[in-house]
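Chemist: Quick one: structure below, then a few questions.
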Amino acid sequence: MAIFLQFLVGLIFGLGLLLSGMSNPAKVLDFLDLGGIASGGWDPSLAFVMAGAVAVTFAGFRWVLARPRPFFSERFHLPTRRELDLRIVAGPAIFGIGWGLAGFCPGPALTALGFGTSAAFIFVAAMFAGMWLARLLAGLPALSRIATPADPLET
Amino acid sequence: MISNSFTPVASLLGGALIGVSAVLLMFLTGRIAGVSGIAARLLPPYEDDAFKGRLAFVAGLIAAPVLVLLASGRLPAQTIAAQPATLVLAGLLVGFGSVWGNGCTSGHGVCGISRLSARALVATATFMATGFATVFLARHWG
């Protein structure tokens with residue numbers, strides 16, 4: 001039951017990506033193209049995606065987190081890290097370059113697999129390779145002295 | 001000037017659906033709906049027993065366009081202009097950067113910001129900045 005519900009939650013997420021236009025790399029790149037403002041090619045739609053999502057989660061998380069525990073787990077698994085280190089800038093900086101090159105971030109890329117195009121499969125395969133490499137490097141002792149990732153994946 | 005393909009209402013509603021999904025996942029499992037974290041944890045080593053749930057979430061993402069196709073007879077608009085070599089480079093950077101920075105557009109940009117996390121704010125401002133810069137260089141340089 002818990003597994004099926006998580007499938008439905010992923011399905012809702014994917015439908016949101018499709019409805020919002022976030023799953024279309026061309027639209028994402030038109031949003032990121034501030035240079036297009038002068039020529040009339042800028043598409044600000046994705047700012048509305050974030051506004052809609054944050055409005056719901058801002059209210060919804062308050063309601064959920066006021067509950068004693070989640071439905072299928074003993075406790076909430078919230079990020080605990082607070083420090084602003086080099087990694088919280090370097091990682092997203094690298095991520096943003098990749099996002100701007102192809103117009104895909106992880107959610108839309110996985111959703112794109114359902115379209116069945118080879119481009120989506122190529123991107124997702126490379127994305128998993130990049131994730132694997134980052135986890136490998138994060139686990140190296142010399143680097144973890146600098147970055148101290150208690151959990152290298154914690155948001 | 002704004003493009004003709006501006007879709008404020010659909011984008012706002014789609015964004016709200018993403019928000020509903022994130023709230024539901026928190027309600028059910030107590031976890032952040034950060035897609036990069038969910039995807040990266042499909043790779044070993046496994047640190048907890050939530051693998052099946054993550055796989056189900058990702059299967060739901062992939063099933064969404066299939067459902068739209070079955071219901072409406074056609075897929076939503078999607079144009080991928082990047083060539084294979086660019087897709088490989090972009091995928092590597094997106095995968096590496098999202099794990100190195102502990103999140104992506106969903107984990108930092110939606111869930112983290114709504115929790116008023118300073119880390120998420122810094123991360124979101126940074127990937128927006130390099131995303132803008134990359135597209136500017138690609139489209140308007142030279």
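Residues are named by chain letter and number: chains run A, B, ... in the order of the structure tokens, numbers start at 1 in each chain, and ligands are numbered from 1 in the order shown.
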If we count only C-alpha atoms, what is near Val9 in chain B at a cut-off of 12 Å, once residues fewer than 2 positions away on the same chain are taken out, given as a list of chain:residue names?

Modeler: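 That gives A:Leu19, A:Ser20, A:Gly21, A:Pro44, A:Ser45, A:Leu46, A:Ala47, A:Phe48, A:Val49, A:Ala51, A:Gly52, B:Ser5, B:Phe6, B:Thr7, B:Ser11, B:Leu12, B:Leu13, B:Gly14, B:Gly15, B:Ala16.
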
Chemist: Could you go through chain A and tell me which residues DSSP, when run on the backbone, assigns to alpha helix (DSSP H), listing them as a PyMOL selection string?

Modeler: chain A and resi 2-20+25-32+45-65+87-102+106-112+118-138+141-147

Chemist: Nearest residue to Thr117 in chain A out of B:Asn4, B:Thr29, B:Thr79, B:Ser106, using only C-alpha atoms?

Modeler: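 When distances to Thr117 in chain A are compared using only C-alpha atoms, the smallest one comes from B:Thr79.
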
Chemist: Please provide as number ranges by chain all residues within 6 Å of range 111-115 of chain B, with the sequence filter that same-chain residues fewer than 6 positions apart are discarded (counting only C-alpha atoms).

Modeler: A: 54, 58; B: 121

Chemist: Nearest to chain A among B:Tyr46, B:Phe51, B:Trp141, B:Phe136, with distances taken over only C-alpha atoms: which residue is it?

Modeler: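 Counting only C-alpha atoms, the residue closest to chain A is B:Phe136.
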
Chemist: Which of these residues is nearest to Leu11 in chain A, using only C-alpha atoms: B:Pro65, B:Pro45, B:Gly103, B:Gly131?

Modeler: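 For Leu11 in chain A, the nearest of the given residues is B:Pro65.
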
Chemist: Any idea what's packed within 10 Å of Leu61 in chain B, counting only C-alpha atoms, ignoring anything in its chain fewer than 5 positions away? Could you give it as a list in words?

Modeler: Phe7, Leu8, Val9, Gly10, Leu11, Ile12, Phe13, Gly14, Leu15, Gly16, Leu17, Leu18, Gly107, Pro108, Ala109, Leu110, Thr111, Ala112, Leu113 and Gly114 of chain A; Val35, Leu55, Ala56 and Val66 of chain B

Chemist: Neighbouring residues of Ile122 in chain A were defined as those with any atom within 10 Å, considering only C-alpha atoms; residues of the same chain fewer than 6 positions away were excluded. Please report them as a PyMOL selection string.

Modeler: (chain A and resi 109+113) or (chain B and resi 84-88+91)

Chemist: Write out as a PyMOL selection string the residues lying within 8 Å of Trp42 in chain A, counting only C-alpha atoms and excluding same-chain residues fewer than 6 positions away.

Modeler: (chain A and resi 30-36) or (chain B and resi 1-3)

Chemist: Report the distance between CA of Ile80 in chain B and CA of Pro25 in chain A in Å, rounded to one decimal place.

Modeler: 5.8 Å

Chemist: With distances taken over only C-alpha atoms, which of A:Ile37, A:Ala66, A:Cys105, A:Ala134 is nearest to Gly107 in chain B?

Modeler: A:Cys105
